Structure formats: structure tokens, C-alpha cells
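Trainee: So here's start.txt (compact mmCIF, C-alpha atoms and all ligand atoms).
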```
# COMPACT_ATOMS: atom_id res chain seq x y z
CA MET A 1 10.49 0.42 -19.22
CA SER A 2 10.31 0.22 -22.98
CA PHE A 3 12.66 0.84 -25.83
CA GLN A 4 12.68 1.27 -29.56
CA LEU A 5 13.44 -1.91 -31.51
CA LYS A 6 13.76 -0.28 -34.93
CA GLY A 7 17.33 0.29 -35.99
CA LYS A 8 18.65 -1.16 -32.78
CA VAL A 9 21.44 -3.69 -32.69
CA ILE A 10 22.29 -5.87 -29.75
CA PHE A 11 25.62 -7.58 -29.20
CA PHE A 12 26.41 -11.14 -28.26
CA ALA A 13 29.60 -11.30 -26.20
CA THR A 14 31.19 -14.66 -26.96
CA ASN A 15 34.33 -16.22 -28.33
CA ASN A 16 32.39 -19.13 -29.77
CA ILE A 17 31.42 -18.44 -33.39
CA ASN A 18 29.12 -21.47 -33.46
CA LYS A 19 27.06 -20.12 -30.58
CA PHE A 20 26.89 -16.77 -32.33
CA ASN A 21 25.77 -18.29 -35.65
CA GLU A 22 22.98 -20.21 -33.92
CA ALA A 23 21.88 -17.04 -32.12
CA ARG A 24 21.98 -14.90 -35.25
CA GLU A 25 19.76 -17.32 -37.15
CA MET A 26 17.35 -17.57 -34.23
CA LEU A 27 17.09 -13.81 -33.61
CA ASN A 28 16.74 -13.18 -37.32
CA HIS A 29 13.28 -14.83 -37.13
CA TYR A 30 12.31 -12.02 -34.77
CA LYS A 31 14.01 -9.32 -36.85
CA ILE A 32 16.46 -8.62 -34.05
CA ALA A 33 19.87 -7.61 -35.40
CA VAL A 34 22.79 -9.04 -33.46
CA GLY A 35 26.53 -8.49 -33.74
CA MET A 36 29.30 -10.66 -32.33
CA LEU A 37 31.53 -9.03 -29.76
CA ARG A 38 34.75 -10.79 -28.87
CA VAL A 39 35.08 -8.92 -25.62
CA LYS A 40 36.91 -10.82 -22.93
CA THR A 41 34.27 -11.82 -20.41
CA ILE A 42 34.96 -13.18 -16.98
CA GLU A 43 33.47 -16.54 -16.16
CA ILE A 44 33.14 -16.79 -12.41
CA GLN A 45 33.23 -20.22 -10.87
CA SER A 46 29.73 -21.06 -9.79
CA GLU A 47 27.31 -23.97 -9.93
CA SER A 48 24.64 -21.65 -11.30
CA LEU A 49 24.61 -20.93 -15.04
CA GLU A 50 22.40 -17.96 -14.25
CA GLU A 51 24.91 -16.41 -11.89
CA ILE A 52 27.74 -16.96 -14.38
CA ALA A 53 25.77 -15.42 -17.28
CA GLN A 54 24.56 -12.42 -15.24
CA THR A 55 28.03 -11.59 -13.95
CA SER A 56 29.54 -11.90 -17.43
CA ALA A 57 26.83 -9.66 -18.92
CA LEU A 58 27.51 -6.91 -16.38
CA TYR A 59 31.24 -7.22 -16.91
CA ALA A 60 30.89 -7.06 -20.71
CA PHE A 61 28.55 -4.05 -20.45
CA GLU A 62 31.05 -2.23 -18.26
CA LYS A 63 33.64 -2.69 -20.97
CA CYS A 64 31.60 -1.68 -24.01
CA GLY A 65 28.45 0.15 -22.84
CA LEU A 66 26.37 -1.59 -25.53
CA PRO A 67 23.16 -3.63 -25.20
CA ILE A 68 24.61 -7.04 -24.51
CA ILE A 69 23.72 -10.73 -24.44
CA VAL A 70 25.86 -13.33 -22.75
CA GLU A 71 24.96 -16.99 -22.81
CA ASP A 72 26.21 -19.73 -20.57
CA ALA A 73 25.46 -23.35 -21.34
CA GLY A 74 26.29 -26.77 -19.98
CA LEU A 75 25.73 -30.48 -20.45
CA PHE A 76 24.31 -32.32 -17.43
CA VAL A 77 24.65 -36.12 -17.47
CA ASP A 78 22.28 -38.04 -15.17
CA ALA A 79 24.56 -40.98 -14.47
CA LEU A 80 27.39 -38.58 -13.56
CA ASN A 81 25.18 -36.61 -11.13
CA GLY A 82 24.96 -33.65 -13.48
CA PHE A 83 28.66 -33.52 -14.41
CA PRO A 84 30.12 -31.62 -16.32
CA GLY A 85 27.33 -28.98 -15.92
CA PRO A 86 28.82 -25.52 -15.38
CA TYR A 87 32.30 -26.95 -15.98
CA SER A 88 31.45 -28.12 -19.51
CA SER A 89 33.87 -25.80 -21.25
CA TYR A 90 36.84 -27.02 -19.19
CA VAL A 91 35.83 -30.67 -19.47
CA TYR A 92 35.41 -30.37 -23.24
CA LYS A 93 38.85 -28.76 -23.54
CA THR A 94 40.54 -31.37 -21.35
CA ILE A 95 38.96 -34.80 -21.95
CA GLY A 96 36.66 -34.00 -24.89
CA ASN A 97 33.99 -36.27 -26.31
CA GLU A 98 36.21 -39.38 -26.16
CA GLY A 99 36.87 -38.76 -22.47
CA LEU A 100 33.21 -38.29 -21.65
CA LEU A 101 32.33 -41.48 -23.54
CA ARG A 102 35.00 -43.32 -21.53
CA LEU A 103 33.35 -42.14 -18.30
CA MET A 104 30.10 -43.56 -19.66
CA ASN A 105 31.58 -46.90 -20.67
CA ASN A 106 29.09 -49.68 -19.80
CA VAL A 107 26.73 -47.15 -18.21
CA GLU A 108 23.15 -48.06 -19.07
CA ASN A 109 21.41 -44.82 -18.07
CA ARG A 110 22.47 -42.47 -20.89
CA ARG A 111 20.03 -39.65 -20.07
CA ALA A 112 21.39 -36.11 -20.22
CA LYS A 113 20.29 -32.54 -20.82
CA PHE A 114 21.72 -29.32 -22.11
CA GLN A 115 20.82 -26.12 -20.31
CA SER A 116 21.29 -22.57 -21.47
CA VAL A 117 20.90 -19.23 -19.75
CA VAL A 118 20.84 -16.05 -21.80
CA ALA A 119 21.49 -12.88 -19.80
CA TYR A 120 20.64 -9.51 -21.36
CA PHE A 121 21.74 -6.13 -20.05
CA SER A 122 21.47 -2.58 -21.37
CA GLU A 123 21.48 0.91 -19.93
CA GLU A 124 17.66 0.86 -19.61
CA LEU A 125 17.82 -1.94 -17.06
CA LYS A 126 18.68 -2.07 -13.37
CA SER A 127 19.99 -5.63 -13.50
CA PRO A 128 20.48 -8.33 -16.16
CA VAL A 129 17.38 -10.25 -17.25
CA CYS A 130 17.78 -14.03 -17.66
CA PHE A 131 16.06 -16.52 -19.95
CA LYS A 132 16.46 -20.27 -19.64
CA GLY A 133 16.16 -23.14 -22.07
CA GLU A 134 16.81 -26.84 -21.90
CA VAL A 135 16.66 -29.95 -24.03
CA HIS A 136 16.59 -33.54 -22.84
CA GLY A 137 18.28 -36.35 -24.67
CA GLU A 138 20.89 -39.05 -24.37
CA ILE A 139 24.61 -39.57 -24.65
CA THR A 140 25.31 -41.83 -27.60
CA VAL A 141 27.59 -44.86 -27.26
CA LYS A 142 29.83 -43.73 -30.10
CA ILE A 143 30.72 -40.39 -31.68
CA HIS A 144 28.32 -39.44 -34.50
CA ASP A 145 30.03 -36.54 -36.16
CA GLY A 146 27.99 -34.99 -38.93
CA ASN A 147 30.40 -32.03 -39.19
CA SER A 148 27.78 -29.60 -37.93
CA GLY A 149 27.55 -27.95 -34.51
CA PHE A 150 30.36 -27.96 -31.96
CA GLY A 151 31.40 -29.21 -28.52
CA PHE A 152 29.40 -32.18 -27.28
CA ASP A 153 27.05 -32.16 -30.30
CA PRO A 154 28.51 -35.39 -31.81
CA ILE A 155 27.56 -37.37 -28.67
CA PHE A 156 24.18 -35.78 -27.82
CA LYS A 157 20.95 -37.06 -29.33
CA PRO A 158 17.82 -35.09 -28.37
CA VAL A 159 14.71 -37.11 -27.42
CA ASN A 160 12.58 -38.31 -30.33
CA SER A 161 15.41 -37.83 -32.78
CA ASP A 162 17.54 -40.40 -34.55
CA LYS A 163 20.33 -37.89 -35.15
CA THR A 164 22.84 -36.14 -32.92
CA PHE A 165 22.96 -32.33 -32.96
CA SER A 166 26.13 -32.68 -35.00
CA GLU A 167 24.17 -34.45 -37.75
CA MET A 168 21.64 -31.61 -38.03
CA PRO A 169 21.92 -28.33 -39.91
CA THR A 170 21.69 -25.26 -37.66
CA SER A 171 18.07 -24.66 -38.67
CA GLU A 172 17.13 -28.11 -37.33
CA LYS A 173 19.18 -27.79 -34.13
CA ASN A 174 17.47 -24.43 -33.60
CA LYS A 175 14.06 -26.11 -33.50
CA LEU A 176 15.11 -28.16 -30.48
CA SER A 177 18.11 -26.79 -28.68
CA HIS A 178 18.52 -25.34 -25.20
CA ARG A 179 20.08 -22.19 -26.68
CA ALA A 180 17.26 -21.72 -29.20
CA ARG A 181 14.67 -22.06 -26.42
CA ALA A 182 16.39 -19.53 -24.18
CA LEU A 183 16.80 -17.14 -27.13
CA LYS A 184 13.14 -17.56 -28.10
CA SER A 185 12.08 -16.43 -24.60
CA PHE A 186 14.51 -13.54 -24.81
CA ALA A 187 13.26 -12.51 -28.27
CA GLU A 188 9.62 -12.60 -27.17
CA TRP A 189 10.41 -10.47 -24.14
CA TYR A 190 12.60 -8.06 -26.13
CA THR A 191 9.98 -7.61 -28.83
CA LYS A 192 7.30 -6.91 -26.23
CA GLU A 193 9.50 -4.35 -24.49
CA SER A 194 10.00 -2.46 -27.72
CA ASP A 195 7.63 0.25 -28.89
CA LEU A 196 6.86 -1.39 -32.22
P1 LIG A 201 31.73 -18.31 -24.55
O1 LIG A 201 31.79 -18.48 -23.04
O2 LIG A 201 32.85 -17.51 -25.12
O3 LIG A 201 30.39 -17.79 -24.99
P2 LIG A 201 32.03 -21.21 -24.57
O4 LIG A 201 32.28 -22.16 -25.68
O5 LIG A 201 33.03 -21.19 -23.44
O6 LIG A 201 31.86 -19.77 -25.22
P3 LIG A 201 29.91 -21.99 -22.69
O7 LIG A 201 30.79 -21.69 -21.53
O8 LIG A 201 28.52 -21.48 -22.67
O9 LIG A 201 30.58 -21.45 -24.04
O10 LIG A 201 29.79 -23.53 -22.98
C1 LIG A 201 30.45 -24.49 -22.29
C2 LIG A 201 30.77 -25.67 -23.16
O11 LIG A 201 29.61 -26.52 -23.21
C3 LIG A 201 31.12 -25.36 -24.60
O12 LIG A 201 32.47 -25.07 -24.78
C4 LIG A 201 30.74 -26.68 -25.28
O13 LIG A 201 31.80 -27.60 -25.15
C5 LIG A 201 29.54 -27.13 -24.46
N1 LIG A 201 28.29 -26.71 -25.12
C6 LIG A 201 27.53 -25.64 -24.83
N2 LIG A 201 26.50 -25.55 -25.68
C7 LIG A 201 26.63 -26.58 -26.54
C8 LIG A 201 25.91 -27.02 -27.67
O14 LIG A 201 24.85 -26.37 -28.13
N3 LIG A 201 26.34 -28.11 -28.29
C9 LIG A 201 27.43 -28.78 -27.87
N4 LIG A 201 28.18 -28.44 -26.84
C10 LIG A 201 27.78 -27.33 -26.18
```
I need this file expressed as C-alpha cells, please.
Mentor:
Amino acid sequence: MSFQLKGKVIFFATNNINKFNEAREMLNHYKIAVGMLRVKTIEIQSESLEEIAQTSALYAFEKCGLPIIVEDAGLFVDALNGFPGPYSSYVYKTIGNEGLLRLMNNVENRRAKFQSVVAYFSEELKSPVCFKGEVHGEITVKIHDGNSGFGFDPIFKPVNSDKTFSEMPTSEKNKLSHRARALKSFAEWYTKESDL
């Protein structure tokens, strides 16, 4: 299977403009044009980010018939046995960063990781293709809001960094993040599949 990259646009189905902006910048390095599609996707309840992303990609494709990317991400905290993981969106909406920090009050082991799964589907494919990325780091003791990023960024500091994701411009977050790593694998695959 191969397809023509030139003149082709893919679509990122998401309601999160921050995720889209990170993806656009990342894919731009590979000369892959991407548009944001606010199509309502279903998010099935599952412990597997891969399963969630694949199902959403198929659902979004059914609705629009366009080459589509869906990404599902989560924050996994060691001391909380991987919580909130696939439930990150709900946990962020309900207890937020303050709530998560409260759960971590006096907890010494602050290790955590972000994971991302990008699922791509288009008419050339039989089933969605998935690409994974992760970044290890720690949950800070206090909120460090640098007004960049979104979600848990103000409380997540990647390893070997003295800044949270929220204190980094997108270009810097994109050198390290789970999403950037998953998108890099996707972009390398996509470019290879093309005829250029
Ligand atoms: P869509 O499903 O519409 O794409 P979403 O915001 O619901 O957008 P996810 O389900 O993938 O996206 O993400 C779950 C939550 O995890 C998200 O709402 C954030 O709170 C958090 N999250 C994911 N990636 C993050 C990142 O790079 N930085 C900070 N928090 C992140």
C-alpha cells in the first residue's frame, strides 16, 4: 500500500486546540499538512489508550470519510498505581491539578509518565495504524504555571528538565513530549508510505 503525499491533507479529529497546535507544529517539520476537525468522536471506556484511539479513528472516519488522526493521551502516576491514566480527561475536569496535588500530599515517590497513542485511518487501510509515545518525569509539589500548554502541564516536569511543560514554549515541549514522539513515528511511517 502506498499513497501520494503531495497535495494531501490529513485531519486531526479533536476538540482540544492545544493538542492540535502541538501536532500542527510537529507535522510541519515533515511537510505534512493537517487540518483540525471538530467532529464529535466517541471515547469508549477502556484501560487501553490504543483501543480508545483506534475506535475513535474509525468512528470519525465513518462520519467524514477523510484521512484522519485521533490521539488519546493520559497521565500515569506511579504512586497512584497509574491513575488517572485513560481517565485523565475526566479527572482533569473534576479535580484538576489542585486535586491531583492533594492526592500526592506528602507522597515521596513523585514519578509519573505521559503516554500518547496516535491512530491513523484512511480509505487505503484495512484497520487503523497506531503509534505510541511516552515521556517520563515527575509530579511537582506545587503548580508551576508558565501559561503555556494545557491540562496537567503545570504539574509535570519531564526528566532532566528544571521546567514544567507549562513553562516551555510549544517548540520545546515538542522536543520531549509523549505526543511529539507518537507523531514523529507516525510522520516517519506516513512519509515512507507516500510515493515521494
Ligand atoms: P480530544 O479527546 O478531543 O482529542 P482531550 O483533551 O479529551 O481531547 P485526551 O482524552 O487525549 O484529550 O486527554 C486526556 C486528558 O489528559 C486531557 O484533557 C489533559 O487533561 C491530559 N493531557 C493529555 N495530554 C496532555 C499534555 O500534553 N499535557 C497536559 N495534559 C495532558
Trainee: Between CA of Lys8 (chain A) and atom O4 of ligand LIG 201 (chain A), what distance in Å does the model show, to one decimal?
Mentor: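 Computing it gives 26.0 Å between the two atoms.
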Trainee: If we count only C-alpha atoms and set the cut-off at 10 Å, which residues sit around Lys173 (chain A), ignoring sequence neighbours fewer than 6 positions away in its own chain? Please answer as a PyMOL selection string.
Mentor: chain A and resi 22+148-149+153+158+164-167+179-180
Trainee: Just give me the residues with any atom within 8 Å of (23.6, -10.3, -34.1), file coordinates, counting all atoms listed in the file, written as number ranges by chain.
Mentor: A: 9-12, 20, 23-24, 27, 32-36
Trainee: Would you tabulate, counting only C-alpha atoms and all ligand atoms, all residues of chain A that have an atom at most 8 Å from an atom of ligand LIG 201 (chain A), showing the closest pair of atoms and their distance in Å to one decimal, sorted by chain then ascending number, as a tab-separated table?
Mentor:
```
residue	atom	partner	partner_atom	distance
A:Ala13	CA	A:LIG201	O3	6.6
A:Thr14	CA	A:LIG201	O2	3.8
A:Asn15	CA	A:LIG201	O2	3.8
A:Asn16	CA	A:LIG201	O6	4.6
A:Lys19	CA	A:LIG201	O3	6.9
A:Arg38	CA	A:LIG201	O2	7.9
A:Thr41	CA	A:LIG201	O2	7.5
A:Glu43	CA	A:LIG201	O1	7.3
A:Val70	CA	A:LIG201	O3	6.7
A:Glu71	CA	A:LIG201	O8	5.7
A:Asp72	CA	A:LIG201	O8	3.6
A:Ala73	CA	A:LIG201	O8	3.8
A:Gly74	CA	A:LIG201	O11	4.6
A:Leu75	CA	A:LIG201	O11	6.2
A:Pro86	CA	A:LIG201	C1	7.2
A:Tyr87	CA	A:LIG201	C1	7.0
A:Ser88	CA	A:LIG201	O11	4.4
A:Ser89	CA	A:LIG201	C2	3.6
A:Tyr90	CA	A:LIG201	O12	7.4
A:Val91	CA	A:LIG201	O13	7.6
A:Tyr92	CA	A:LIG201	O13	4.9
A:Lys93	CA	A:LIG201	O13	7.3
A:Phe114	CA	A:LIG201	N2	7.1
A:Gln115	CA	A:LIG201	N2	7.8
A:Ser116	CA	A:LIG201	N2	7.3
A:Gly149	CA	A:LIG201	N3	6.3
A:Phe150	CA	A:LIG201	C9	5.1
A:Gly151	CA	A:LIG201	N4	3.7
A:Phe152	CA	A:LIG201	N4	4.0
A:Asp153	CA	A:LIG201	C9	4.2
A:Pro154	CA	A:LIG201	C9	7.8
A:Phe156	CA	A:LIG201	C9	7.7
A:Phe165	CA	A:LIG201	N3	7.1
A:Ser177	CA	A:LIG201	O14	6.8
A:His178	CA	A:LIG201	O14	7.1
A:Arg179	CA	A:LIG201	O14	6.5
```
Trainee: Store the residues picked out above, limited to C-alpha atoms, as a tab-separated table (two decimals), in the frame of the given file.
Mentor:
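The result, stored in result02.tsv:
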```
chain	number	residue	atom	x	y	z
A	13	ALA	CA	29.60	-11.30	-26.20
A	14	THR	CA	31.19	-14.66	-26.96
A	15	ASN	CA	34.33	-16.22	-28.33
A	16	ASN	CA	32.39	-19.13	-29.77
A	19	LYS	CA	27.06	-20.12	-30.58
A	38	ARG	CA	34.75	-10.79	-28.87
A	41	THR	CA	34.27	-11.82	-20.41
A	43	GLU	CA	33.47	-16.54	-16.16
A	70	VAL	CA	25.86	-13.33	-22.75
A	71	GLU	CA	24.96	-16.99	-22.81
A	72	ASP	CA	26.21	-19.73	-20.57
A	73	ALA	CA	25.46	-23.35	-21.34
A	74	GLY	CA	26.29	-26.77	-19.98
A	75	LEU	CA	25.73	-30.48	-20.45
A	86	PRO	CA	28.82	-25.52	-15.38
A	87	TYR	CA	32.30	-26.95	-15.98
A	88	SER	CA	31.45	-28.12	-19.51
A	89	SER	CA	33.87	-25.80	-21.25
A	90	TYR	CA	36.84	-27.02	-19.19
A	91	VAL	CA	35.83	-30.67	-19.47
A	92	TYR	CA	35.41	-30.37	-23.24
A	93	LYS	CA	38.85	-28.76	-23.54
A	114	PHE	CA	21.72	-29.32	-22.11
A	115	GLN	CA	20.82	-26.12	-20.31
A	116	SER	CA	21.29	-22.57	-21.47
A	149	GLY	CA	27.55	-27.95	-34.51
A	150	PHE	CA	30.36	-27.96	-31.96
A	151	GLY	CA	31.40	-29.21	-28.52
A	152	PHE	CA	29.40	-32.18	-27.28
A	153	ASP	CA	27.05	-32.16	-30.30
A	154	PRO	CA	28.51	-35.39	-31.81
A	156	PHE	CA	24.18	-35.78	-27.82
A	165	PHE	CA	22.96	-32.33	-32.96
A	177	SER	CA	18.11	-26.79	-28.68
A	178	HIS	CA	18.52	-25.34	-25.20
A	179	ARG	CA	20.08	-22.19	-26.68
```
Trainee: Could you tell me how far CA of Ala112 (chain A) sits from CA of Thr94 (chain A), in Å to one decimal place?
Mentor: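 Computing the Euclidean distance for CA of Thr94 (chain A) and CA of Ala112 (chain A) yields 19.8 Å.
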Trainee: What does the structure give for the distance between CA of Gly137 (chain A) and CA of Val159 (chain A), in Å to one decimal?
Mentor: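 Between CA of Gly137 (chain A) and CA of Val159 (chain A) the gap works out to 4.6 Å.
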Trainee: Would you pick out the contacts of Tyr120 (chain A) at 7 Å or less, using all atoms listed in the file, so that residues sharing its chain but fewer than 2 positions from it are not included, and give the list as a compact mmCIF listing (two decimals) with C-alpha atoms, keeping the file's coordinate frame?
Mentor:
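The resulting file, selection_36.txt, is shown below:
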```
# COMPACT_ATOMS: atom_id res chain seq x y z
CA ALA A 57 26.83 -9.66 -18.92
CA ILE A 68 24.61 -7.04 -24.51
CA ILE A 69 23.72 -10.73 -24.44
CA VAL A 70 25.86 -13.33 -22.75
CA VAL A 118 20.84 -16.05 -21.80
CA SER A 122 21.47 -2.58 -21.37
CA PRO A 128 20.48 -8.33 -16.16
CA VAL A 129 17.38 -10.25 -17.25
CA CYS A 130 17.78 -14.03 -17.66
```
Trainee: Using all atoms listed in the file, which of A:Glu123, A:Leu176, A:Glu193, A:Gly96 sits nearest Lys163 (chain A)?
Mentor: A:Leu176
Trainee: Would you mind telling me which residue in A:Ile44, A:Leu183, A:Leu66, A:Leu80 lies nearest to Asn109 (chain A) when using only C-alpha atoms?
Mentor: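 Of A:Ile44, A:Leu183, A:Leu66, A:Leu80, the one nearest Asn109 (chain A) is A:Leu80, counting only C-alpha atoms.
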Trainee: Skip Glu108 (chain A) itself and residues of its chain fewer than 5 positions away, then list as a ChimeraX atom specification all residues within 12 Å of it, counting all atoms listed in the file.
Mentor: /A:78-80,103,138-141
Trainee: Would you save the residues from that selection as a PDB file, in the coordinates of the input, using C-alpha atoms?
Mentor:
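Once everything was written out, this is again.pdb:
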```pdb
ATOM      1  CA  ASP A  78      22.280 -38.040 -15.170  1.00  0.00           C
ATOM      2  CA  ALA A  79      24.560 -40.980 -14.470  1.00  0.00           C
ATOM      3  CA  LEU A  80      27.390 -38.580 -13.560  1.00  0.00           C
ATOM      4  CA  LEU A 103      33.350 -42.140 -18.300  1.00  0.00           C
ATOM      5  CA  GLU A 138      20.890 -39.050 -24.370  1.00  0.00           C
ATOM      6  CA  ILE A 139      24.610 -39.570 -24.650  1.00  0.00           C
ATOM      7  CA  THR A 140      25.310 -41.830 -27.600  1.00  0.00           C
ATOM      8  CA  VAL A 141      27.590 -44.860 -27.260  1.00  0.00           C
TER       9      VAL A 141
END
```
